[in-house]
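File shown: run05.csv (CSV, C-alpha atoms and all ligand atoms).
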chain,number,residue,atom,x,y,z
F,1,LYS,CA,-140.2,15.5,66.2
F,2,ARG,CA,-138.5,18.0,68.5
F,3,ARG,CA,-137.0,16.2,71.6
F,4,GLY,CA,-139.0,16.7,74.8
F,5,LYS,CA,-141.6,19.0,73.2
F,6,LYS,CA,-145.1,18.1,72.6
F,7,PRO,CA,-145.8,17.2,68.9
F,8,VAL,CA,-147.2,19.9,66.7
F,9,ARG,CA,-150.5,18.6,65.3
F,10,VAL,CA,-151.8,20.0,62.1
F,11,TYR,CA,-155.2,19.6,60.4
F,12,MET,CA,-156.1,19.7,56.8
F,13,ASP,CA,-159.5,19.0,55.4
F,14,GLY,CA,-160.9,18.4,51.9
F,15,CYS,CA,-163.2,16.4,49.7
F,16,PHE,CA,-160.4,14.3,48.3
F,17,ASP,CA,-162.7,13.1,45.5
F,18,LEU,CA,-160.9,11.0,42.8
F,19,MET,CA,-157.8,11.4,44.9
F,20,HIS,CA,-154.8,12.5,42.8
F,21,TYR,CA,-151.2,13.4,43.3
F,22,GLY,CA,-152.2,17.1,43.9
F,23,HIS,CA,-154.1,16.0,47.0
F,24,ALA,CA,-151.1,13.8,48.0
F,25,ASN,CA,-148.7,16.7,47.5
F,26,ALA,CA,-150.9,19.0,49.6
F,27,LEU,CA,-150.9,16.5,52.5
F,28,ARG,CA,-147.2,16.0,52.1
F,29,GLN,CA,-146.6,19.7,52.5
F,30,ALA,CA,-149.1,19.9,55.4
F,31,LYS,CA,-147.3,17.1,57.3
F,32,ALA,CA,-144.0,19.0,56.9
F,33,LEU,CA,-145.5,21.9,58.8
F,34,GLY,CA,-145.9,19.8,61.9
F,35,ASP,CA,-145.2,16.4,63.5
F,36,GLU,CA,-148.6,14.7,63.2
F,37,LEU,CA,-151.2,15.2,60.4
F,38,VAL,CA,-154.9,14.8,61.0
F,39,VAL,CA,-157.1,14.9,57.9
F,40,GLY,CA,-160.8,15.8,57.9
F,41,VAL,CA,-162.7,14.1,55.0
F,42,VAL,CA,-165.7,16.3,54.2
F,43,SER,CA,-169.1,14.5,54.3
F,44,ASP,CA,-171.0,13.7,51.1
F,45,GLU,CA,-173.9,16.1,52.2
F,46,GLN,CA,-171.5,19.0,52.7
F,47,ILE,CA,-169.8,18.5,49.4
F,48,ILE,CA,-173.2,18.3,47.7
F,49,ALA,CA,-174.2,21.6,49.4
F,50,ASN,CA,-171.0,23.4,48.5
F,51,LYS,CA,-169.6,21.9,45.3
F,52,GLY,CA,-172.0,19.4,43.8
F,53,PRO,CA,-172.0,15.6,44.2
F,54,PRO,CA,-168.7,13.8,44.6
F,55,VAL,CA,-167.9,10.8,42.5
F,56,LEU,CA,-166.5,8.6,45.3
F,57,SER,CA,-168.4,7.7,48.5
F,58,MET,CA,-167.2,8.7,52.0
F,59,GLU,CA,-166.0,5.1,52.5
F,60,GLU,CA,-163.9,5.2,49.4
F,61,ARG,CA,-162.5,8.7,50.0
F,62,LEU,CA,-161.6,7.7,53.6
F,63,ALA,CA,-159.8,4.5,52.4
F,64,LEU,CA,-157.8,6.6,49.9
F,65,VAL,CA,-156.8,9.3,52.4
F,66,SER,CA,-155.9,6.7,55.1
F,67,GLY,CA,-153.6,4.9,52.6
F,68,LEU,CA,-151.4,7.9,52.2
F,69,LYS,CA,-148.0,7.7,53.9
F,70,TRP,CA,-148.1,11.2,55.4
F,71,VAL,CA,-151.5,10.8,57.1
F,72,ASP,CA,-151.5,9.9,60.8
F,73,GLU,CA,-155.3,10.2,61.7
F,74,VAL,CA,-158.5,10.8,59.8
F,75,ILE,CA,-161.7,12.4,60.8
F,76,ALA,CA,-164.7,11.2,58.8
F,77,ASP,CA,-167.6,13.4,57.9
F,78,ALA,CA,-165.8,16.7,58.5
F,79,PRO,CA,-167.6,20.0,57.8
F,80,TYR,CA,-166.8,22.0,54.7
F,81,GLU,CA,-166.6,25.2,56.8
F,82,ILE,CA,-164.4,25.7,59.8
F,83,THR,CA,-167.1,26.9,62.2
F,84,GLU,CA,-166.5,28.2,65.7
F,85,GLU,CA,-167.8,25.0,67.2
F,86,PHE,CA,-165.7,22.7,65.0
F,87,MET,CA,-162.6,24.9,65.5
F,88,ASN,CA,-163.0,24.5,69.3
F,89,GLN,CA,-163.4,20.7,68.8
F,90,LEU,CA,-160.2,20.7,66.7
F,91,PHE,CA,-158.2,22.6,69.4
F,92,ASN,CA,-159.6,21.0,72.5
F,93,LYS,CA,-160.5,17.4,71.5
F,94,HIS,CA,-158.0,16.8,68.7
F,95,LYS,CA,-155.3,19.0,70.1
F,96,ILE,CA,-154.7,20.7,66.8
F,97,ASP,CA,-152.2,23.5,66.6
F,98,TYR,CA,-152.7,24.7,63.0
F,99,ILE,CA,-155.3,24.4,60.3
F,100,ILE,CA,-153.9,24.2,56.8
F,101,HIS,CA,-155.3,24.7,53.3
F,102,GLY,CA,-153.9,25.2,49.8
F,103,ASP,CA,-153.3,28.8,48.5
F,104,ASP,CA,-156.5,28.7,46.3
F,105,PRO,CA,-159.5,30.5,47.7
F,106,CYS,CA,-162.0,28.3,49.4
F,107,LEU,CA,-165.3,30.0,49.4
F,108,LEU,CA,-168.7,29.1,50.8
F,109,PRO,CA,-171.8,29.5,48.6
F,110,ASP,CA,-172.4,33.0,50.1
F,111,GLY,CA,-168.9,34.1,49.0
F,112,THR,CA,-167.3,34.1,52.4
F,113,ASP,CA,-164.0,32.4,53.2
F,114,ALA,CA,-164.4,28.9,54.7
F,115,TYR,CA,-161.2,29.5,56.8
F,116,ALA,CA,-161.9,33.0,58.0
F,117,LEU,CA,-162.2,32.1,61.7
F,118,ALA,CA,-159.1,30.0,61.7
F,119,LYS,CA,-157.2,32.9,60.1
F,120,LYS,CA,-158.6,35.3,62.7
F,121,ALA,CA,-157.5,33.0,65.5
F,122,GLY,CA,-153.9,33.1,64.1
F,123,ARG,CA,-154.0,29.3,63.7
F,124,TYR,CA,-154.1,29.1,59.9
F,125,LYS,CA,-151.2,28.1,57.6
F,126,GLN,CA,-151.1,27.8,53.8
F,127,ILE,CA,-149.4,25.4,51.4
F,128,LYS,CA,-148.8,25.8,47.7
F,129,ARG,CA,-151.5,24.2,45.5
F,130,THR,CA,-150.2,21.8,42.8
F,131,GLU,CA,-150.8,23.0,39.3
F,132,GLY,CA,-152.1,20.9,36.5
F,133,VAL,CA,-154.5,18.5,38.2
F,134,SER,CA,-157.9,18.6,39.8
F,135,SER,CA,-160.8,16.3,40.4
F,136,THR,CA,-162.8,18.3,37.8
F,137,ASP,CA,-160.0,17.7,35.2
F,138,ILE,CA,-160.1,14.0,35.9
F,139,VAL,CA,-163.9,13.8,35.4
F,140,GLY,CA,-163.3,15.6,32.1
F,141,ARG,CA,-160.8,12.9,31.1
F,142,ILE,CA,-163.3,10.1,32.0
F,143,LEU,CA,-166.0,11.8,30.0
F,144,SER,CA,-163.8,12.2,26.9
F,145,ALA,CA,-162.8,8.6,27.1
F,146,PHE,CA,-166.4,7.7,27.4
F,147,LYS,CA,-167.2,9.7,24.2
F,148,VAL,CA,-164.5,7.8,22.4
F,149,VAL,CA,-165.9,4.5,23.5
F,150,LYS,CA,-169.4,5.4,22.5
F,151,SER,CA,-168.6,6.6,19.1
F,152,PRO,CA,-165.3,5.2,17.9
F,153,LYS,CA,-165.7,6.6,14.4
F,154,SER,CA,-162.4,7.9,13.1
F,155,SER,CA,-163.8,11.4,12.6
F,156,ASP,CA,-164.4,11.7,16.4
F,157,MET,CA,-161.0,10.3,17.1
F,158,ASP,CA,-159.5,12.8,14.8
F,159,LYS,CA,-161.3,15.7,16.4
F,160,LEU,CA,-160.0,14.6,19.8
F,161,ASP,CA,-156.5,14.1,18.5
F,162,SER,CA,-156.3,17.5,17.0
F,163,LYS,CA,-157.7,19.1,20.2
F,164,ASN,CA,-154.9,17.5,22.2
F,165,SER,CA,-152.1,17.4,19.8
F,166,THR,CA,-150.0,19.9,21.7
F,167,SER,CA,-150.1,18.1,25.0
F,168,CYS,CA,-149.8,14.5,23.8
F,169,GLU,CA,-146.4,13.8,22.5
F,170,GLY,CA,-144.0,10.9,22.5
F,171,SER,CA,-145.3,7.6,23.9
F,172,GLN,CA,-148.5,9.1,25.5
F,173,PRO,CA,-151.7,7.8,24.1
F,174,LYS,CA,-153.3,10.2,21.6
F,175,HIS,CA,-156.3,10.6,23.8
F,176,CYS,CA,-154.4,11.6,26.9
F,177,HIS,CA,-155.0,15.1,28.3
F,178,ALA,CA,-152.3,15.2,30.9
F,179,HIS,CA,-149.8,18.0,30.8
F,180,PHE,CA,-147.9,16.8,33.8
F,181,LEU,CA,-144.2,15.8,33.9
F,182,PRO,CA,-142.6,15.4,37.3
F,183,THR,CA,-139.2,16.8,38.3
F,184,SER,CA,-136.7,14.5,39.9
F,185,ARG,CA,-137.2,16.5,43.1
F,186,ARG,CA,-140.9,15.7,43.2
F,187,ILE,CA,-140.2,12.0,42.8
F,188,VAL,CA,-137.7,12.2,45.6
F,189,GLN,CA,-140.3,14.0,47.8
F,190,PHE,CA,-142.8,11.2,47.3
F,191,SER,CA,-140.2,8.4,47.6
F,192,ASN,CA,-139.1,6.5,50.7
F,193,CYS,CA,-135.6,6.5,49.3
F,194,LYS,CA,-134.9,3.1,50.9
F,195,ALA,CA,-133.5,0.0,49.4
F,196,PRO,CA,-134.4,-3.5,50.6
F,197,GLY,CA,-132.1,-5.0,53.2
F,198,PRO,CA,-129.8,-7.9,52.2
F,199,ASN,CA,-132.2,-10.5,53.7
F,200,SER,CA,-135.5,-8.8,53.0
F,201,ARG,CA,-138.1,-10.6,51.1
F,202,VAL,CA,-139.1,-8.4,48.1
F,203,VAL,CA,-142.7,-8.6,46.9
F,204,TYR,CA,-143.3,-7.5,43.3
F,205,ILE,CA,-146.8,-6.6,42.0
F,206,ASP,CA,-147.5,-4.9,38.7
F,207,GLY,CA,-150.4,-3.1,37.1
F,208,ALA,CA,-151.7,0.0,35.4
F,209,PHE,CA,-152.9,1.7,38.6
F,210,ASP,CA,-155.0,4.1,36.5
F,211,LEU,CA,-157.3,6.4,38.6
F,212,PHE,CA,-155.8,5.2,41.8
F,213,HIS,CA,-158.7,3.9,44.0
F,214,ALA,CA,-159.6,2.2,47.3
F,215,GLY,CA,-159.2,-1.2,45.7
F,216,HIS,CA,-155.6,-0.4,44.8
F,217,VAL,CA,-154.9,0.6,48.4
F,218,GLU,CA,-156.3,-2.7,49.6
F,219,ILE,CA,-154.4,-4.9,47.2
F,220,LEU,CA,-151.1,-3.1,47.9
F,221,LYS,CA,-151.7,-3.5,51.6
F,222,THR,CA,-152.2,-7.3,51.1
F,223,ALA,CA,-149.2,-7.5,48.9
F,224,ARG,CA,-146.9,-5.7,51.4
F,225,GLN,CA,-148.0,-8.1,54.1
F,226,GLN,CA,-146.4,-11.0,52.1
F,227,GLY,CA,-142.9,-9.7,52.6
F,228,ASP,CA,-140.6,-6.9,53.8
F,229,PHE,CA,-140.3,-4.6,50.8
F,230,LEU,CA,-143.0,-3.8,48.2
F,231,LEU,CA,-141.8,-3.1,44.7
F,232,VAL,CA,-144.6,-2.0,42.3
F,233,GLY,CA,-144.2,-2.2,38.5
F,234,ILE,CA,-146.3,0.4,36.7
F,235,TYR,CA,-147.0,-0.3,33.0
F,236,SER,CA,-146.0,2.3,30.4
F,237,ASP,CA,-148.8,4.3,28.8
F,238,GLN,CA,-148.4,2.3,25.6
F,239,THR,CA,-148.7,-1.0,27.4
F,240,VAL,CA,-151.9,0.2,29.1
F,241,SER,CA,-153.3,1.4,25.7
F,242,GLU,CA,-152.5,-2.0,24.2
F,243,LEU,CA,-154.2,-3.9,27.1
F,244,ARG,CA,-157.3,-1.7,27.6
F,245,GLY,CA,-157.9,0.3,24.5
F,246,ALA,CA,-156.6,3.5,22.9
F,247,GLN,CA,-158.5,5.8,25.3
F,248,PHE,CA,-156.5,4.4,28.3
F,249,PRO,CA,-154.8,5.3,30.5
F,250,LEU,CA,-156.6,8.3,31.8
F,251,MET,CA,-153.6,9.3,34.0
F,252,ASN,CA,-150.2,9.2,32.4
F,253,LEU,CA,-147.3,7.1,33.6
F,254,HIS,CA,-145.9,9.9,35.8
F,255,GLU,CA,-149.2,10.7,37.4
F,256,ARG,CA,-149.9,7.0,38.1
F,257,SER,CA,-146.4,6.6,39.5
F,258,LEU,CA,-146.8,9.4,42.0
F,259,SER,CA,-150.2,8.1,43.2
F,260,VAL,CA,-148.6,4.7,43.8
F,261,LEU,CA,-145.5,6.1,45.5
F,262,ALA,CA,-147.8,8.2,47.9
F,263,CYS,CA,-149.3,5.0,49.2
F,264,ARG,CA,-148.0,4.0,52.6
F,265,TYR,CA,-147.5,0.3,51.7
F,266,VAL,CA,-145.3,0.9,48.7
F,267,ASP,CA,-141.5,1.0,49.0
F,268,GLU,CA,-140.4,1.5,45.4
F,269,VAL,CA,-141.8,1.7,41.9
F,270,ILE,CA,-140.6,0.8,38.4
F,271,MET,CA,-141.9,3.5,36.1
F,272,GLY,CA,-142.8,1.7,32.8
F,273,ALA,CA,-142.6,-1.9,33.9
F,274,PRO,CA,-142.9,-4.7,31.3
F,275,TRP,CA,-146.1,-6.7,31.0
F,276,GLU,CA,-144.2,-9.9,30.9
F,277,VAL,CA,-142.4,-11.0,34.0
F,278,THR,CA,-139.9,-13.5,32.6
F,279,ASN,CA,-138.8,-16.7,34.2
F,280,ASP,CA,-135.3,-15.3,34.6
F,281,LEU,CA,-136.8,-12.8,37.1
F,282,ASP,CA,-134.8,-10.2,35.5
F,283,ILE,CA,-136.4,-7.2,37.1
F,284,CYS,CA,-133.8,-5.3,39.0
F,285,ILE,CA,-133.9,-2.5,41.5
F,286,PRO,CA,-130.7,-0.8,42.6
F,287,GLY,CA,-128.9,-3.2,44.9
F,288,HIS,CA,-131.4,-6.0,44.5
F,289,CYS,CA,-132.3,-8.5,41.9
F,290,LEU,CA,-135.4,-10.5,42.5
F,291,SER,CA,-134.4,-13.9,43.7
F,292,LEU,CA,-136.0,-17.2,44.7
F,293,LYS,CA,-137.0,-16.0,48.2
F,294,ASP,CA,-138.9,-13.1,46.7
F,295,ILE,CA,-142.6,-13.1,45.7
F,296,ILE,CA,-144.3,-12.0,42.5
F,297,ILE,CA,-148.0,-11.3,42.7
F,298,CYS,CA,-150.1,-11.6,39.7
F,299,PRO,CA,-153.6,-12.5,38.5
F,300,LYS,CA,-154.3,-16.3,38.2
F,301,GLU,CA,-154.2,-16.4,34.5
F,302,ARG,CA,-150.8,-14.8,34.4
F,303,LYS,CA,-149.0,-17.0,36.9
F,304,VAL,CA,-145.5,-16.6,35.7
F,305,CYS,CA,-143.5,-19.2,37.5
F,306,LYS,CA,-143.7,-21.4,40.6
F,307,HIS,CA,-142.4,-18.6,42.8
F,308,SER,CA,-145.4,-16.4,42.1
F,309,VAL,CA,-148.4,-16.3,44.2
F,310,TYR,CA,-152.0,-15.4,43.5
F,311,ILE,CA,-153.7,-13.4,46.2
F,312,PRO,CA,-157.5,-13.7,46.0
F,313,LEU,CA,-158.9,-10.3,45.7
F,314,HIS,CA,-160.2,-8.7,48.9
F,315,PRO,CA,-164.1,-8.9,49.1
F,316,TYR,CA,-164.1,-5.1,48.9
F,317,LEU,CA,-162.7,-5.4,45.4
F,318,PHE,CA,-165.7,-7.3,44.2
F,319,GLN,CA,-167.8,-4.2,44.8
F,320,MET,CA,-165.1,-2.1,43.1
F,321,PRO,CA,-163.6,-4.0,40.2
F,322,PHE,CA,-159.8,-4.0,40.4
F,323,ILE,CA,-159.5,-4.3,36.7
F,324,CYS,CA,-161.3,-1.3,35.4
F,325,SER,CA,-161.7,1.9,37.3
F,326,PHE,CA,-163.5,3.3,34.2
F,327,CYS,CA,-166.5,1.0,34.6
F,328,VAL,CA,-166.8,2.0,38.3
F,329,MET,CA,-167.1,5.6,37.1
F,330,LEU,CA,-169.6,4.9,34.5
F,331,THR,CA,-171.9,3.0,36.9
F,332,LYS,CA,-172.0,6.1,39.1
F,333,LYS,CA,-174.4,8.3,37.4
F,334,ASN,CA,-173.5,11.3,39.4
F,335,VAL,CA,-170.2,11.6,37.6
F,336,PHE,CA,-172.1,13.4,34.9
F,337,GLY,CA,-173.5,15.9,37.4
F,338,HIS,CA,-170.1,16.7,38.9
F,339,LYS,CA,-169.2,20.4,39.0
F,340,LYS,CA,-166.4,22.4,40.6
F,401,LIG,N1,-155.1,20.7,46.5
F,401,LIG,C1,-153.8,21.0,46.0
F,401,LIG,N2,-153.6,20.9,44.7
F,401,LIG,C2,-154.5,20.4,43.8
F,401,LIG,C3,-155.8,20.1,44.3
F,401,LIG,C4,-156.1,20.2,45.7
F,401,LIG,O1,-153.0,21.5,46.8
F,401,LIG,N3,-154.2,20.3,42.5
F,401,LIG,C5,-155.4,20.9,47.9
F,401,LIG,C6,-156.5,21.9,48.2
F,401,LIG,O2,-156.0,23.3,48.3
F,401,LIG,C7,-157.0,21.5,49.6
F,401,LIG,C8,-156.8,20.0,49.6
F,401,LIG,O3,-155.9,19.7,48.5
F,401,LIG,O4,-156.2,22.0,50.6
F,401,LIG,C9,-158.1,19.2,49.4
F,401,LIG,O5,-158.7,19.7,48.2
F,401,LIG,P1,-160.2,19.4,47.9
F,401,LIG,O6,-161.1,19.9,49.0
F,401,LIG,O7,-160.4,17.9,47.7
F,401,LIG,O8,-160.7,20.1,46.6
F,401,LIG,P2,-160.1,21.1,45.5
F,401,LIG,O9,-159.3,22.1,46.1
F,401,LIG,O10,-161.4,21.6,44.8
F,401,LIG,O11,-159.3,20.2,44.5
F,401,LIG,P3,-159.9,19.2,43.4
F,401,LIG,O12,-160.7,20.1,42.5
F,401,LIG,O13,-158.8,18.6,42.7
F,401,LIG,O14,-160.8,18.3,44.1
Take the structure in the file and write it out as structure tokens.
Amino acid sequence: KRRGKKPVRVYMDGCFDLMHYGHANALRQAKALGDELVVGVVSDEQIIANKGPPVLSMEERLALVSGLKWVDEVIADAPYEITEEFMNQLFNKHKIDYIIHGDDPCLLPDGTDAYALAKKAGRYKQIKRTEGVSSTDIVGRILSAFKVVKSPKSSDMDKLDSKNSTSCEGSQPKHCHAHFLPTSRRIVQFSNCKAPGPNSRVVYIDGAFDLFHAGHVEILKTARQQGDFLLVGIYSDQTVSELRGAQFPLMNLHERSLSVLACRYVDEVIMGAPWEVTNDLDICIPGHCLSLKDIIICPKERKVCKHSVYIPLHPYLFQMPFICSFCVMLTKKNVFGHKK
């Protein structure tokens, strides 16, 4: 923030359905264009009218956006189009200086630009859209995984494998559609780049964190409240496949790591953490080895030693199972009607 000057307030809106690291990266770039970032989460009705039904509810999308480290304020039920009335509300009530959107065209059903008025007023700025990920692409991955679950005949698996053979190399599960590999710069951009202090109590929690959802935000928040520094272990793609089936994870290790890193409660991640947390507590982060004062959080059945704690899942998680995001998707019939 510039000394003595009023903070520059920027506004970015969006559907943020099945929130992914492309959305997180857009909000990161938006925040860098000002001092305070206000995010408008578009209402279910407006998404239905302009794009087709969203997979996640308003409540879930709000929880995900609010959990991002770059977001200062959220506006629920924002309009899809920046109308004159809403623009004046942004300028006068919310003291917004600039309205920001990705460099992809955002058109209304009649073909006009949703940001035309903001552009005309000279209060529009653009950020670069992140290639290689979209909500539509993620819905495609869920549907492919569902196909594999429904008909696990080897011929179907073979078809899927050959279709994806160019993008699924190394340790990635054969089913995986992701093309994404992050650069070290992107990881640094998402990271807090802070180590725990000498006396901080480190909290360790591990998991797959596939299809990062509102339940994850909730559990990470609870975990962070147990200590001073939250270290998150993210299982390798191979470990997730072994635990949940060959069609998982839907997001690869790098994608899952960026989603977790973007969460405001997370200080550091281990990319490819082991399933077993041994009694020697031999998980190290630079400058810090887990010690007796630290806390390991894990499910009841995996209690690893007397220093670990079990955090009963937040009531919200009962509505949205923490264990399997995939089941959540399948119970939402509208996933099949989703369109870009
Ligand atoms: N965005 C981005 N990179 C992506 C996806 C989205 O920079 N890969 C940006 C959009 O340009 C927009 C904001 O994130 O400024 C919110 O996007 P949203 O309204 O949720 O929808 P889409 O742009 O359609 O993205 P998606 O299909 O992934 O939902």
What are the nearest atom pairs, with distances in Å to one decimal, for all residues of chain F that come at most 8 Å from ligand LIG 401 (chain F), using all atoms listed in the file, set out by chain and rising residue number as a tab-separated table?
residue	atom	partner	partner_atom	distance
F:Met12	CA	F:LIG401	O4	6.6
F:Asp13	CA	F:LIG401	C9	6.2
F:Gly14	CA	F:LIG401	O6	3.3
F:Cys15	CA	F:LIG401	O7	3.8
F:Phe16	CA	F:LIG401	O7	3.6
F:Asp17	CA	F:LIG401	O14	5.7
F:Leu18	CA	F:LIG401	O14	7.4
F:Met19	CA	F:LIG401	O7	7.5
F:His20	CA	F:LIG401	O13	7.3
F:Tyr21	CA	F:LIG401	N3	7.6
F:Gly22	CA	F:LIG401	C2	4.0
F:His23	CA	F:LIG401	O3	4.4
F:Ala24	CA	F:LIG401	O3	7.6
F:Asn25	CA	F:LIG401	O1	6.5
F:Ala26	CA	F:LIG401	O1	4.3
F:Leu27	CA	F:LIG401	O3	7.2
F:Val42	CA	F:LIG401	O6	7.8
F:Ile100	CA	F:LIG401	O4	7.0
F:His101	CA	F:LIG401	O4	3.9
F:Gly102	CA	F:LIG401	O2	3.2
F:Asp103	CA	F:LIG401	O2	6.1
F:Asp104	CA	F:LIG401	O2	5.8
F:Cys106	CA	F:LIG401	O9	7.5
F:Ile127	CA	F:LIG401	O1	7.0
F:Lys128	CA	F:LIG401	O1	6.1
F:Arg129	CA	F:LIG401	O1	3.4
F:Thr130	CA	F:LIG401	N2	4.0
F:Glu131	CA	F:LIG401	N3	5.4
F:Gly132	CA	F:LIG401	N3	6.4
F:Val133	CA	F:LIG401	N3	4.7
F:Ser134	CA	F:LIG401	O13	3.0
F:Ser135	CA	F:LIG401	O13	3.8
F:Thr136	CA	F:LIG401	O12	5.5
F:Asp137	CA	F:LIG401	O13	7.6
F:Lys340	CA	F:LIG401	O12	6.4
Filtering to C-alpha atoms, could you give me those residues as a PDB file, in the coordinates of the input?
ATOM      1  CA  MET F  12    -156.100  19.700  56.800  1.00  0.00           C
ATOM      2  CA  ASP F  13    -159.500  19.000  55.400  1.00  0.00           C
ATOM      3  CA  GLY F  14    -160.900  18.400  51.900  1.00  0.00           C
ATOM      4  CA  CYS F  15    -163.200  16.400  49.700  1.00  0.00           C
ATOM      5  CA  PHE F  16    -160.400  14.300  48.300  1.00  0.00           C
ATOM      6  CA  ASP F  17    -162.700  13.100  45.500  1.00  0.00           C
ATOM      7  CA  LEU F  18    -160.900  11.000  42.800  1.00  0.00           C
ATOM      8  CA  MET F  19    -157.800  11.400  44.900  1.00  0.00           C
ATOM      9  CA  HIS F  20    -154.800  12.500  42.800  1.00  0.00           C
ATOM     10  CA  TYR F  21    -151.200  13.400  43.300  1.00  0.00           C
ATOM     11  CA  GLY F  22    -152.200  17.100  43.900  1.00  0.00           C
ATOM     12  CA  HIS F  23    -154.100  16.000  47.000  1.00  0.00           C
ATOM     13  CA  ALA F  24    -151.100  13.800  48.000  1.00  0.00           C
ATOM     14  CA  ASN F  25    -148.700  16.700  47.500  1.00  0.00           C
ATOM     15  CA  ALA F  26    -150.900  19.000  49.600  1.00  0.00           C
ATOM     16  CA  LEU F  27    -150.900  16.500  52.500  1.00  0.00           C
ATOM     17  CA  VAL F  42    -165.700  16.300  54.200  1.00  0.00           C
ATOM     18  CA  ILE F 100    -153.900  24.200  56.800  1.00  0.00           C
ATOM     19  CA  HIS F 101    -155.300  24.700  53.300  1.00  0.00           C
ATOM     20  CA  GLY F 102    -153.900  25.200  49.800  1.00  0.00           C
ATOM     21  CA  ASP F 103    -153.300  28.800  48.500  1.00  0.00           C
ATOM     22  CA  ASP F 104    -156.500  28.700  46.300  1.00  0.00           C
ATOM     23  CA  CYS F 106    -162.000  28.300  49.400  1.00  0.00           C
ATOM     24  CA  ILE F 127    -149.400  25.400  51.400  1.00  0.00           C
ATOM     25  CA  LYS F 128    -148.800  25.800  47.700  1.00  0.00           C
ATOM     26  CA  ARG F 129    -151.500  24.200  45.500  1.00  0.00           C
ATOM     27  CA  THR F 130    -150.200  21.800  42.800  1.00  0.00           C
ATOM     28  CA  GLU F 131    -150.800  23.000  39.300  1.00  0.00           C
ATOM     29  CA  GLY F 132    -152.100  20.900  36.500  1.00  0.00           C
ATOM     30  CA  VAL F 133    -154.500  18.500  38.200  1.00  0.00           C
ATOM     31  CA  SER F 134    -157.900  18.600  39.800  1.00  0.00           C
ATOM     32  CA  SER F 135    -160.800  16.300  40.400  1.00  0.00           C
ATOM     33  CA  THR F 136    -162.800  18.300  37.800  1.00  0.00           C
ATOM     34  CA  ASP F 137    -160.000  17.700  35.200  1.00  0.00           C
ATOM     35  CA  LYS F 340    -166.400  22.400  40.600  1.00  0.00           C
TER      36      LYS F 340
END
Item to complete: Tell me, in Å to one decimal, how far atom CA of F:Glu268 is from atom CA of F:Gly233.
Response: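 Computed distance, atom CA of F:Glu268 to atom CA of F:Gly233, equals 8.7 Å.
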Discussion item. For a quick check of understanding, using only C-alpha atoms, which of F:Gly34, F:Ile47, F:Ala63, F:Pro53 has the smallest distance to F:Tyr98?
Written reply: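 Closest residue, counting only C-alpha atoms: F:Gly34.
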Worksheet item: Using all atoms listed in the file, which of F:Glu85, F:Asp35, F:Asp206, F:Asp77 sits nearest F:Met271?
Response: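 Counting all atoms listed in the file, the residue closest to F:Met271 is F:Asp206.
Between F:Ile296 and the candidates F:Phe209, F:Ile270, F:His216, F:Arg201, the tightest atom-to-atom separation, counting only C-alpha atoms, involves F:Arg201.
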Fill in: For F:Thr183, the nearest of the candidates F:His254, F:Leu68, F:Lys31, F:Tyr265, counting all atoms listed in the file
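Looking at the shortest contact to F:Thr183, the residue is F:His254.
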Worksheet item: Of the candidates F:Asn50, F:Asn252, F:Gln29, F:Thr222, which shows the shortest atom-to-atom distance to F:Asp110, using all atoms listed in the file?
Response: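 Checking each of F:Asn50, F:Asn252, F:Gln29, F:Thr222 against F:Asp110, counting all atoms listed in the file, the winner is F:Asn50.
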Worksheet item: Hey, which of F:Ile219, F:Lys69, F:Met87, F:Phe180 ends up closest to F:Asp267? Count only C-alpha atoms.
Response: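 Of all the options, F:Lys69 lies closest to F:Asp267.
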